[in-house]
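Have a look at model17.txt; it's compact mmCIF, C-alpha atoms:
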# COMPACT_ATOMS: atom_id res chain seq x y z
CA MET A 1 4.53 -26.04 -13.74
CA ARG A 2 6.34 -22.93 -14.89
CA LEU A 3 4.97 -19.54 -13.90
CA PHE A 4 6.05 -16.33 -15.60
CA PHE A 5 6.35 -13.21 -13.46
CA THR A 6 7.43 -9.59 -13.54
CA LYS A 7 9.17 -8.00 -10.56
CA MET A 8 8.14 -4.34 -10.14
CA GLN A 9 8.47 -1.70 -7.48
CA GLY A 10 6.94 1.63 -6.53
CA CYS A 11 9.05 3.66 -4.09
CA GLY A 12 10.85 0.45 -3.12
CA ASN A 13 7.60 -1.39 -2.31
CA ASP A 14 8.39 -4.45 -4.41
CA TYR A 15 5.95 -7.14 -5.48
CA ILE A 16 6.00 -10.15 -7.79
CA TYR A 17 3.35 -9.76 -10.50
CA PHE A 18 1.65 -12.64 -12.29
CA ASP A 19 -0.29 -12.08 -15.52
CA CYS A 20 -3.44 -14.13 -15.03
CA PHE A 21 -4.80 -13.10 -18.42
CA HIS A 22 -2.45 -15.71 -19.91
CA GLN A 23 -1.80 -18.21 -17.10
CA ASN A 24 -3.45 -19.66 -14.02
CA MET A 25 -1.98 -19.04 -10.58
CA PRO A 26 -2.92 -21.96 -8.29
CA ASN A 27 -3.04 -21.52 -4.51
CA PRO A 28 -1.68 -17.95 -4.43
CA GLU A 29 -1.74 -17.81 -0.62
CA GLU A 30 0.85 -20.58 -0.22
CA LEU A 31 2.86 -19.93 -3.37
CA GLY A 32 2.96 -16.24 -2.51
CA LYS A 33 4.61 -16.97 0.83
CA ARG A 34 7.23 -19.12 -0.91
CA PHE A 35 7.93 -16.65 -3.72
CA ALA A 36 8.14 -13.61 -1.39
CA GLN A 37 11.01 -15.12 0.62
CA ARG A 38 14.12 -13.08 -0.11
CA HIS A 39 16.61 -15.89 0.54
CA PHE A 40 14.73 -18.92 -0.78
CA GLY A 41 12.35 -17.38 -3.32
CA ILE A 42 12.16 -14.49 -5.74
CA GLY A 43 11.93 -11.92 -2.95
CA GLY A 44 9.31 -9.24 -2.42
CA ASP A 45 6.76 -7.71 -0.08
CA GLY A 46 4.20 -10.09 -1.55
CA ILE A 47 2.61 -11.10 -4.85
CA VAL A 48 0.05 -9.45 -7.12
CA LEU A 49 -2.25 -11.19 -9.57
CA ILE A 50 -3.32 -9.17 -12.63
CA CYS A 51 -6.61 -10.81 -13.63
CA PRO A 52 -9.40 -10.29 -16.14
CA SER A 53 -12.39 -8.30 -14.90
CA GLU A 54 -15.99 -8.48 -16.05
CA VAL A 55 -16.58 -4.78 -15.36
CA VAL A 56 -13.35 -2.78 -15.96
CA ASN A 57 -9.91 -3.15 -17.58
CA ALA A 58 -8.48 -5.57 -15.03
CA LYS A 59 -8.76 -6.95 -11.52
CA MET A 60 -5.95 -6.81 -8.96
CA ARG A 61 -5.48 -9.33 -6.15
CA MET A 62 -2.67 -8.71 -3.68
CA PHE A 63 -1.24 -11.17 -1.13
CA ASN A 64 1.10 -10.16 1.67
CA ALA A 65 4.31 -12.02 2.45
CA ASP A 66 2.49 -14.10 5.09
CA GLY A 67 -0.12 -15.26 2.55
CA SER A 68 -2.96 -13.04 3.77
CA GLU A 69 -4.91 -11.21 1.09
CA GLY A 70 -4.97 -7.40 1.17
CA LYS A 71 -7.89 -5.31 -0.02
CA MET A 72 -5.81 -2.57 -1.61
CA CYS A 73 -2.19 -1.52 -2.23
CA GLY A 74 -1.42 1.91 -3.64
CA ASN A 75 2.10 1.17 -4.83
CA ALA A 76 1.08 -2.14 -6.39
CA ILE A 77 -1.86 -0.72 -8.32
CA ARG A 78 0.43 1.84 -10.01
CA CYS A 79 2.60 -1.01 -11.25
CA VAL A 80 -0.51 -2.86 -12.43
CA GLY A 81 -1.36 0.16 -14.58
CA LYS A 82 2.15 0.17 -16.01
CA TYR A 83 1.98 -3.56 -16.80
CA LEU A 84 -1.40 -3.31 -18.50
CA TYR A 85 -0.29 -0.46 -20.75
CA GLU A 86 3.19 -1.68 -21.65
CA ASN A 87 1.93 -5.20 -22.38
CA LYS A 88 -0.85 -3.78 -24.59
CA LEU A 89 -3.68 -5.09 -22.45
CA VAL A 90 -5.01 -1.52 -22.55
CA ASN A 91 -4.43 1.20 -25.13
CA GLU A 92 -5.48 4.31 -23.19
CA ASP A 93 -3.70 6.37 -20.54
CA ILE A 94 -6.78 6.20 -18.29
CA VAL A 95 -7.10 2.73 -16.74
CA THR A 96 -9.68 1.28 -14.35
CA VAL A 97 -8.77 -1.55 -11.96
CA GLU A 98 -11.07 -3.61 -9.75
CA THR A 99 -9.87 -4.26 -6.18
CA LEU A 100 -11.45 -5.64 -3.01
CA SER A 101 -11.87 -2.03 -1.86
CA GLY A 102 -13.63 -0.93 -5.05
CA ILE A 103 -12.79 0.23 -8.56
CA LYS A 104 -9.84 2.63 -8.84
CA THR A 105 -9.09 4.98 -11.73
CA LEU A 106 -5.46 5.44 -12.82
CA GLU A 107 -4.00 8.21 -14.97
CA LEU A 108 -0.74 7.17 -16.63
CA THR A 109 2.15 9.46 -17.55
CA VAL A 110 3.60 7.91 -20.73
CA GLN A 111 6.85 8.81 -22.50
CA ASN A 112 8.14 6.90 -25.54
CA GLY A 113 5.67 4.10 -24.93
CA LEU A 114 6.71 3.55 -21.30
CA VAL A 115 4.81 4.47 -18.14
CA HIS A 116 6.96 6.58 -15.80
CA ALA A 117 4.41 7.75 -13.23
CA VAL A 118 0.83 6.99 -12.27
CA SER A 119 -1.80 9.03 -10.45
CA VAL A 120 -4.46 7.04 -8.63
CA ASP A 121 -7.86 8.22 -7.46
CA MET A 122 -7.89 6.48 -4.09
CA GLY A 123 -11.47 7.44 -3.21
CA GLN A 124 -12.75 8.77 0.08
CA ALA A 125 -10.91 8.35 3.37
CA VAL A 126 -12.97 6.61 6.05
CA LEU A 127 -12.70 8.13 9.53
CA THR A 128 -15.57 6.35 11.31
CA PRO A 129 -13.98 3.96 13.87
CA GLU A 130 -16.35 1.03 13.35
CA LYS A 131 -15.78 1.13 9.59
CA ILE A 132 -11.97 1.23 9.79
CA PRO A 133 -12.24 -0.93 12.03
CA VAL A 134 -10.87 0.14 15.42
CA ARG A 135 -12.49 -0.37 18.81
CA LEU A 136 -12.90 3.31 19.71
CA GLU A 137 -15.96 5.45 20.33
CA GLY A 138 -17.04 8.61 18.51
CA ASP A 139 -17.44 9.87 14.95
CA LYS A 140 -13.68 10.05 14.34
CA ALA A 141 -10.54 8.62 15.91
CA VAL A 142 -8.28 11.69 15.76
CA ASN A 143 -5.44 12.20 18.27
CA VAL A 144 -6.95 9.67 20.66
CA PRO A 145 -4.89 8.69 23.74
CA VAL A 146 -4.48 4.91 24.00
CA GLU A 147 -2.16 2.34 25.53
CA ILE A 148 -0.41 -0.20 23.31
CA ASP A 149 1.49 -2.93 25.19
CA GLY A 150 1.31 -0.74 28.30
CA GLN A 151 2.80 2.35 26.64
CA PRO A 152 0.88 5.62 26.00
CA TYR A 153 0.39 6.92 22.46
CA HIS A 154 -1.87 9.38 20.66
CA ILE A 155 -3.28 7.77 17.50
CA THR A 156 -5.33 8.78 14.49
CA CYS A 157 -7.09 6.02 12.56
CA VAL A 158 -8.04 6.07 8.88
CA SER A 159 -9.17 3.50 6.32
CA MET A 160 -8.04 3.83 2.71
CA GLY A 161 -9.56 0.47 1.80
CA ASN A 162 -7.56 -1.14 4.60
CA PRO A 163 -7.05 -0.02 8.22
CA HIS A 164 -4.29 2.42 9.19
CA CYS A 165 -3.13 3.81 12.51
CA ILE A 166 -1.00 6.96 12.40
CA VAL A 167 1.33 8.05 15.21
CA PHE A 168 3.17 11.38 14.98
CA VAL A 169 6.71 11.21 16.35
CA ASP A 170 9.70 13.55 16.63
CA ASP A 171 12.30 11.15 15.19
CA VAL A 172 11.35 8.67 12.48
CA ASP A 173 14.84 7.45 11.58
CA ASN A 174 15.68 6.17 15.05
CA PHE A 175 12.21 4.98 16.00
CA PRO A 176 12.32 1.30 17.18
CA LEU A 177 9.90 0.15 14.50
CA GLU A 178 10.78 -3.54 14.61
CA GLN A 179 9.88 -3.68 18.32
CA ILE A 180 6.85 -1.36 18.34
CA GLY A 181 5.29 -2.20 14.94
CA PRO A 182 4.17 -5.75 15.82
CA LYS A 183 2.65 -4.49 19.08
CA PHE A 184 0.33 -2.19 17.11
CA GLU A 185 -0.40 -4.76 14.39
CA ASN A 186 -1.64 -7.37 16.84
CA ASP A 187 -3.22 -5.21 19.54
CA PRO A 188 -6.86 -6.16 20.39
CA LEU A 189 -7.82 -2.55 19.62
CA PHE A 190 -7.65 -3.51 15.93
CA PRO A 191 -9.95 -6.47 15.15
CA GLU A 192 -8.51 -6.99 11.65
CA ARG A 193 -4.92 -6.08 12.61
CA VAL A 194 -3.62 -2.76 11.34
CA ASN A 195 -0.98 -1.02 9.23
CA THR A 196 0.85 1.52 11.39
CA GLU A 197 2.55 4.67 10.10
CA PHE A 198 5.03 6.57 12.28
CA VAL A 199 5.19 10.09 10.89
CA LYS A 200 7.32 13.18 11.42
CA VAL A 201 5.98 16.54 10.24
CA ILE A 202 8.79 18.34 8.39
CA ASN A 203 6.58 21.28 7.42
CA ASN A 204 2.98 21.86 6.32
CA LYS A 205 3.66 20.31 2.90
CA THR A 206 6.18 17.59 3.75
CA LEU A 207 5.95 14.48 5.92
CA GLN A 208 8.51 11.76 6.64
CA MET A 209 7.13 8.28 7.27
CA ARG A 210 8.04 4.73 8.12
CA VAL A 211 5.46 1.98 8.01
CA TRP A 212 4.82 -1.40 9.60
CA GLU A 213 2.39 -3.32 7.37
CA ARG A 214 0.21 -6.10 8.69
CA GLY A 215 1.38 -9.36 7.22
CA SER A 216 4.63 -7.95 5.78
CA GLY A 217 6.48 -6.05 8.51
CA GLU A 218 8.42 -2.92 7.62
CA THR A 219 8.20 -2.07 3.93
CA TRP A 220 10.05 0.68 2.11
CA ALA A 221 6.81 2.37 1.13
CA CYS A 222 3.04 2.10 1.47
CA GLY A 223 0.76 4.03 -0.87
CA THR A 224 -2.43 3.71 1.16
CA GLY A 225 -0.37 4.46 4.27
CA ALA A 226 1.01 7.67 2.75
CA CYS A 227 -2.56 8.70 1.90
CA ALA A 228 -3.70 7.91 5.43
CA ALA A 229 -0.77 9.89 6.87
CA VAL A 230 -1.75 13.02 4.92
CA VAL A 231 -5.40 12.64 5.94
CA ALA A 232 -4.28 12.32 9.57
CA ALA A 233 -1.98 15.34 9.24
CA VAL A 234 -4.85 17.45 7.90
CA GLU A 235 -7.24 16.24 10.60
CA ASN A 236 -4.65 17.11 13.26
CA GLY A 237 -3.99 20.57 11.79
CA TYR A 238 -0.46 19.95 10.54
CA CYS A 239 -1.32 20.32 6.82
CA GLU A 240 -3.95 22.19 4.82
CA LYS A 241 -6.74 20.33 3.06
CA GLY A 242 -6.36 20.60 -0.73
CA ASP A 243 -2.58 21.17 -0.72
CA LEU A 244 -0.16 18.83 -2.45
CA VAL A 245 1.79 17.09 0.32
CA THR A 246 5.00 15.16 -0.29
CA VAL A 247 5.46 12.05 1.83
CA GLU A 248 9.08 10.96 2.10
CA LEU A 249 9.41 7.20 2.51
CA LYS A 250 12.35 4.87 2.88
CA GLY A 251 12.17 4.00 -0.84
CA GLY A 252 11.21 7.35 -2.36
CA SER A 253 8.49 10.00 -2.32
CA LEU A 254 4.77 10.13 -3.06
CA VAL A 255 2.66 13.22 -3.67
CA ILE A 256 -0.75 13.14 -2.01
CA SER A 257 -3.77 15.44 -2.28
CA TYR A 258 -6.64 15.23 0.23
CA THR A 259 -9.75 17.20 -0.76
CA ASP A 260 -13.49 17.03 -0.15
CA ASP A 261 -13.71 14.92 -3.32
CA GLY A 262 -11.32 12.26 -2.02
CA VAL A 263 -7.62 11.37 -1.95
CA SER A 264 -5.27 11.14 -4.94
CA MET A 265 -1.76 9.72 -5.02
CA THR A 266 1.02 10.17 -7.59
CA GLY A 267 4.24 8.18 -7.73
CA ASN A 268 6.58 6.11 -9.86
CA ALA A 269 6.19 2.58 -11.24
CA VAL A 270 9.33 0.68 -12.18
CA LYS A 271 9.88 -2.73 -13.79
CA VAL A 272 12.89 -4.47 -12.24
CA PHE A 273 13.05 -7.70 -14.26
CA GLU A 274 11.03 -10.52 -15.79
CA GLY A 275 11.50 -14.23 -15.20
CA GLU A 276 9.96 -17.64 -14.70
CA ILE A 277 9.87 -19.92 -11.71
CA GLU A 278 9.25 -23.65 -11.57
CA VAL A 279 6.73 -25.02 -9.07

Kindly transcribe the structure held in the file into structure tokens.
Amino acid sequence: MRLFFTKMQGCGNDYIYFDCFHQNMPNPEELGKRFAQRHFGIGGDGIVLICPSEVVNAKMRMFNADGSEGKMCGNAIRCVGKYLYENKLVNEDIVTVETLSGIKTLELTVQNGLVHAVSVDMGQAVLTPEKIPVRLEGDKAVNVPVEIDGQPYHITCVSMGNPHCIVFVDDVDNFPLEQIGPKFENDPLFPERVNTEFVKVINNKTLQMRVWERGSGETWACGTGACAAVVAAVENGYCEKGDLVTVELKGGSLVISYTDDGVSMTGNAVKVFEGEIEV
């Protein structure tokens, strides 16, 4: 079997995209693990299936590098919008995509027939601990003191369709993410594991962030994580609600707005190459 794919990235968060309008993708959990390997496969943070939907323009399924299926991925959904438009599966610059965390609306910025940036309505942030989920009491989990692997931290927890834990730190660049990230991901405090963002506040409109994603490890960017970081920054008083906040990631920058109406995210979407792989 030959499978055709497109490699795309948003802020360095790279996935392998399969057009399931025109081909079937068998056993994506296992094939995704094989394809995501950077030395023995195509290489990526995971795979994304672009599928037909019965209710909107398309359906997105995303699988992490370990084969687990994610409910939502902000960087991936921007690239899905780009693929749909540039491959003439949609003709409008407003696109709707079905995900496991609900239907998302995308606004495409198009120049000369190519999509250069995408804004995504990410919906409402969830702050209720049991809905995130995280095993904490109260209406919100904001700046809560906890112990992870015996070490004290203050955490803020947010769901943007998948669970996020945000920790504000003084030095992001030298933070020992590879050692600390897995401790958070697999701590019993998080019943479905968790994506963890370590964030430095540069000023009230700029954050710097590194992320450890459940199932993938450190990635160069995380769209839902950037949204969660801005929500956490507002809830902790570092940023103002309604302002445009730039989140600087290892692979680029995203612009996030958190208002009473929800969270929106704007960033790039880039096609790297197309190819085929034999299974």

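Across the structure, atom CA of Tyr258 of chain A and atom CA of Leu207 of chain A are spaced 13.8 Å apart.
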
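Distances from A:Thr219, A:Asn57, A:Asn143, A:Asn174 to Val97 of chain A were compared using all atoms listed in the file, and the smallest one belongs to A:Asn57.
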
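Of the residues under consideration (A:Glu137, A:Glu278, A:Glu30, A:Glu197), A:Glu197 shows the shortest atom-to-atom contact distance to Val169 of chain A when counting only C-alpha atoms.
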
Pick from A:Phe184, A:Tyr238, A:Leu114, A:Lys131 nearest to Phe168 of chain A, counting only C-alpha atoms:
A:Tyr238

Would you give me, as a Markdown table, each residue of segment 147-228 of chain A having an atom within 12 Å of an atom of segment 39-52 of chain A, along with its shortest atom pair and that distance in Å to one decimal, using all atoms listed in the file and sorting by chain and residue number?
| residue | atom | partner | partner_atom | distance |
| --- | --- | --- | --- | --- |
| A:Trp212 | CA | A:Asp45 | CA | 11.7 |
| A:Glu213 | CA | A:Asp45 | CA | 9.7 |
| A:Arg214 | CA | A:Asp45 | CA | 11.1 |
| A:Gly215 | CA | A:Asp45 | CA | 9.2 |
| A:Ser216 | CA | A:Asp45 | CA | 6.2 |
| A:Gly217 | CA | A:Asp45 | CA | 8.8 |
| A:Glu218 | CA | A:Asp45 | CA | 9.2 |
| A:Thr219 | CA | A:Asp45 | CA | 7.1 |
| A:Trp220 | CA | A:Asp45 | CA | 9.3 |
| A:Ala221 | CA | A:Asp45 | CA | 10.2 |
| A:Cys222 | CA | A:Asp45 | CA | 10.6 |

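Residues in contact with Phe4 of chain A at 12 Å, where only C-alpha atoms are counted and same-chain residues fewer than 4 positions away are skipped, are listed as A:Ile16, A:Tyr17, A:Phe18, A:Asp19, A:Cys20, A:Phe21, A:His22, A:Gln23, A:Asn24, A:Met25, A:Ile42, A:Leu49, A:Phe273, A:Glu274, A:Gly275, A:Glu276, A:Ile277, A:Glu278, A:Val279.
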
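For the set A:Gln37, A:Thr99, A:Asn268, A:Ser68, the residue with the smallest atom-to-atom gap to Val115 of chain A is A:Asn268, counting all atoms listed in the file.
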
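The nearest approach to Lys250 of chain A among the residues A:Val211, A:Leu108, A:Cys227, A:Val167, with only C-alpha atoms taken into account, belongs to A:Val211.
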
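Of the listed residues A:Gln151, A:Gln9, A:Thr156, A:Asn75, the one whose atoms come nearest to Asp187 of chain A is A:Gln151, with distances taken using all atoms listed in the file.
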
In the coordinates of the file, take the point (-8.0, 19.2, -4.3) and a cut-off of 12 Å; then, counting all atoms listed in the file, name each qualifying protein, DNA or RNA residue as a ChimeraX atom specification.
/A:121,240-245,256-265

List the spatial neighbours of Lys200 of chain A as a count of residues only - criterion: any atom at most 10 Å away, all atoms listed in the file, same-chain residues fewer than 5 positions off excluded.
16

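Atom pair atom CA of Val230 of chain A / atom CA of His154 of chain A has a distance of 16.2 Å (rounded to one decimal).
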
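Residues within 9 Å of Leu89 of chain A, counting all atoms listed in the file and excluding same-chain residues fewer than 5 positions away, are Asn57, Ala58, Tyr83 and Leu84 of chain A.
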
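Picture a line from atom CA of Gly70 of chain A to atom CA of Tyr15 of chain A; it runs 12.8 Å.
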
Please return, as an NGL selection string, all polymer residues that have at least one atom within 10 Å of the point (1.0, -0.8, -17.6); use all atoms listed in the file and the file's own coordinate frame.
:A and (77-93 or 95 or 108 or 110 or 113-116 or 118 or 269 or 271)

If we count all atoms listed in the file, what is near Val142 of chain A at a cut-off of 9 Å, once residues fewer than 2 positions away on the same chain are taken out, given as a list in words?
Leu127, Lys140, Val144, His154, Ile155, Thr156, Cys157, Val158, Ala232, Glu235 and Asn236 of chain A

Centre and edge lengths of an axis-aligned box around all listed atoms of segment 114-129 of chain A, with 8 Å added on each side, are to be given in Å to one decimal, as lines of an AutoDock Vina configuration file.
center_x = -4.3
center_y = 6.3
center_z = -3.7
size_x = 38.5
size_y = 21.5
size_z = 51.2

Take segment 165-176 of chain A, bring it up to all heavy atoms, and give me the output as a PDB file, keeping the file's coordinate frame.
ATOM      1  N   CYS A 165      -3.277   3.076  11.258  1.00  0.00           N
ATOM      2  CA  CYS A 165      -3.130   3.810  12.510  1.00  0.00           C
ATOM      3  C   CYS A 165      -1.905   4.702  12.373  1.00  0.00           C
ATOM      4  O   CYS A 165      -0.809   4.218  12.050  1.00  0.00           O
ATOM      5  CB  CYS A 165      -2.951   2.831  13.673  1.00  0.00           C
ATOM      6  SG  CYS A 165      -2.566   3.624  15.247  1.00  0.00           S
ATOM      7  N   ILE A 166      -2.088   6.003  12.595  1.00  0.00           N
ATOM      8  CA  ILE A 166      -1.000   6.960  12.400  1.00  0.00           C
ATOM      9  C   ILE A 166      -0.573   7.523  13.751  1.00  0.00           C
ATOM     10  O   ILE A 166      -1.410   7.937  14.561  1.00  0.00           O
ATOM     11  CB  ILE A 166      -1.431   8.121  11.461  1.00  0.00           C
ATOM     12  CG1 ILE A 166      -1.794   7.573  10.077  1.00  0.00           C
ATOM     13  CG2 ILE A 166      -0.314   9.145  11.339  1.00  0.00           C
ATOM     14  CD1 ILE A 166      -3.221   7.154   9.898  1.00  0.00           C
ATOM     15  N   VAL A 167       0.742   7.512  13.979  1.00  0.00           N
ATOM     16  CA  VAL A 167       1.330   8.050  15.210  1.00  0.00           C
ATOM     17  C   VAL A 167       2.356   9.100  14.797  1.00  0.00           C
ATOM     18  O   VAL A 167       3.286   8.804  14.030  1.00  0.00           O
ATOM     19  CB  VAL A 167       2.006   6.949  16.045  1.00  0.00           C
ATOM     20  CG1 VAL A 167       2.565   7.532  17.341  1.00  0.00           C
ATOM     21  CG2 VAL A 167       1.035   5.813  16.342  1.00  0.00           C
ATOM     22  N   PHE A 168       2.204  10.328  15.279  1.00  0.00           N
ATOM     23  CA  PHE A 168       3.170  11.380  14.980  1.00  0.00           C
ATOM     24  C   PHE A 168       4.289  11.349  16.012  1.00  0.00           C
ATOM     25  O   PHE A 168       4.043  11.303  17.215  1.00  0.00           O
ATOM     26  CB  PHE A 168       2.473  12.747  14.962  1.00  0.00           C
ATOM     27  CG  PHE A 168       1.522  12.901  13.807  1.00  0.00           C
ATOM     28  CD1 PHE A 168       0.167  12.676  13.970  1.00  0.00           C
ATOM     29  CD2 PHE A 168       1.996  13.219  12.543  1.00  0.00           C
ATOM     30  CE1 PHE A 168      -0.712  12.783  12.901  1.00  0.00           C
ATOM     31  CE2 PHE A 168       1.125  13.332  11.463  1.00  0.00           C
ATOM     32  CZ  PHE A 168      -0.218  13.119  11.644  1.00  0.00           C
ATOM     33  N   VAL A 169       5.528  11.331  15.498  1.00  0.00           N
ATOM     34  CA  VAL A 169       6.710  11.210  16.350  1.00  0.00           C
ATOM     35  C   VAL A 169       7.723  12.288  15.975  1.00  0.00           C
ATOM     36  O   VAL A 169       7.642  12.893  14.904  1.00  0.00           O
ATOM     37  CB  VAL A 169       7.353   9.807  16.221  1.00  0.00           C
ATOM     38  CG1 VAL A 169       6.386   8.726  16.674  1.00  0.00           C
ATOM     39  CG2 VAL A 169       7.805   9.545  14.791  1.00  0.00           C
ATOM     40  N   ASP A 170       8.685  12.523  16.866  1.00  0.00           N
ATOM     41  CA  ASP A 170       9.700  13.550  16.630  1.00  0.00           C
ATOM     42  C   ASP A 170      10.874  13.033  15.804  1.00  0.00           C
ATOM     43  O   ASP A 170      11.550  13.803  15.124  1.00  0.00           O
ATOM     44  CB  ASP A 170      10.226  14.104  17.960  1.00  0.00           C
ATOM     45  CG  ASP A 170       9.145  14.857  18.732  1.00  0.00           C
ATOM     46  OD1 ASP A 170       8.274  15.472  18.079  1.00  0.00           O
ATOM     47  OD2 ASP A 170       9.169  14.809  19.978  1.00  0.00           O
ATOM     48  N   ASP A 171      11.139  11.728  15.868  1.00  0.00           N
ATOM     49  CA  ASP A 171      12.300  11.150  15.190  1.00  0.00           C
ATOM     50  C   ASP A 171      11.886   9.837  14.538  1.00  0.00           C
ATOM     51  O   ASP A 171      11.687   8.833  15.221  1.00  0.00           O
ATOM     52  CB  ASP A 171      13.433  10.913  16.200  1.00  0.00           C
ATOM     53  CG  ASP A 171      14.716  10.414  15.540  1.00  0.00           C
ATOM     54  OD1 ASP A 171      14.718  10.184  14.305  1.00  0.00           O
ATOM     55  OD2 ASP A 171      15.727  10.245  16.259  1.00  0.00           O
ATOM     56  N   VAL A 172      11.747   9.858  13.221  1.00  0.00           N
ATOM     57  CA  VAL A 172      11.350   8.670  12.480  1.00  0.00           C
ATOM     58  C   VAL A 172      12.527   7.721  12.276  1.00  0.00           C
ATOM     59  O   VAL A 172      12.407   6.505  12.418  1.00  0.00           O
ATOM     60  CB  VAL A 172      10.724   9.054  11.124  1.00  0.00           C
ATOM     61  CG1 VAL A 172      10.523   7.824  10.250  1.00  0.00           C
ATOM     62  CG2 VAL A 172       9.393   9.759  11.337  1.00  0.00           C
ATOM     63  N   ASP A 173      13.680   8.274  11.939  1.00  0.00           N
ATOM     64  CA  ASP A 173      14.840   7.450  11.580  1.00  0.00           C
ATOM     65  C   ASP A 173      15.251   6.507  12.689  1.00  0.00           C
ATOM     66  O   ASP A 173      15.633   5.354  12.428  1.00  0.00           O
ATOM     67  CB  ASP A 173      16.023   8.352  11.193  1.00  0.00           C
ATOM     68  CG  ASP A 173      15.767   9.122   9.912  1.00  0.00           C
ATOM     69  OD1 ASP A 173      15.149   8.554   8.997  1.00  0.00           O
ATOM     70  OD2 ASP A 173      16.165  10.296   9.832  1.00  0.00           O
ATOM     71  N   ASN A 174      15.208   6.973  13.929  1.00  0.00           N
ATOM     72  CA  ASN A 174      15.680   6.170  15.050  1.00  0.00           C
ATOM     73  C   ASN A 174      14.547   5.525  15.841  1.00  0.00           C
ATOM     74  O   ASN A 174      14.785   4.969  16.911  1.00  0.00           O
ATOM     75  CB  ASN A 174      16.529   7.040  15.987  1.00  0.00           C
ATOM     76  CG  ASN A 174      17.790   7.538  15.306  1.00  0.00           C
ATOM     77  OD1 ASN A 174      18.567   6.746  14.762  1.00  0.00           O
ATOM     78  ND2 ASN A 174      17.994   8.852  15.295  1.00  0.00           N
ATOM     79  N   PHE A 175      13.347   5.584  15.305  1.00  0.00           N
ATOM     80  CA  PHE A 175      12.210   4.980  16.000  1.00  0.00           C
ATOM     81  C   PHE A 175      12.354   3.453  15.986  1.00  0.00           C
ATOM     82  O   PHE A 175      12.653   2.865  14.934  1.00  0.00           O
ATOM     83  CB  PHE A 175      10.898   5.395  15.333  1.00  0.00           C
ATOM     84  CG  PHE A 175       9.681   4.988  16.096  1.00  0.00           C
ATOM     85  CD1 PHE A 175       9.209   5.770  17.132  1.00  0.00           C
ATOM     86  CD2 PHE A 175       9.016   3.803  15.799  1.00  0.00           C
ATOM     87  CE1 PHE A 175       8.083   5.395  17.862  1.00  0.00           C
ATOM     88  CE2 PHE A 175       7.906   3.418  16.520  1.00  0.00           C
ATOM     89  CZ  PHE A 175       7.437   4.213  17.548  1.00  0.00           C
ATOM     90  N   PRO A 176      12.131   2.769  17.118  1.00  0.00           N
ATOM     91  CA  PRO A 176      12.320   1.300  17.180  1.00  0.00           C
ATOM     92  C   PRO A 176      11.148   0.554  16.527  1.00  0.00           C
ATOM     93  O   PRO A 176      10.378  -0.149  17.187  1.00  0.00           O
ATOM     94  CB  PRO A 176      12.404   1.035  18.679  1.00  0.00           C
ATOM     95  CG  PRO A 176      11.590   2.120  19.303  1.00  0.00           C
ATOM     96  CD  PRO A 176      11.803   3.339  18.437  1.00  0.00           C
TER      97      PRO A 176
END
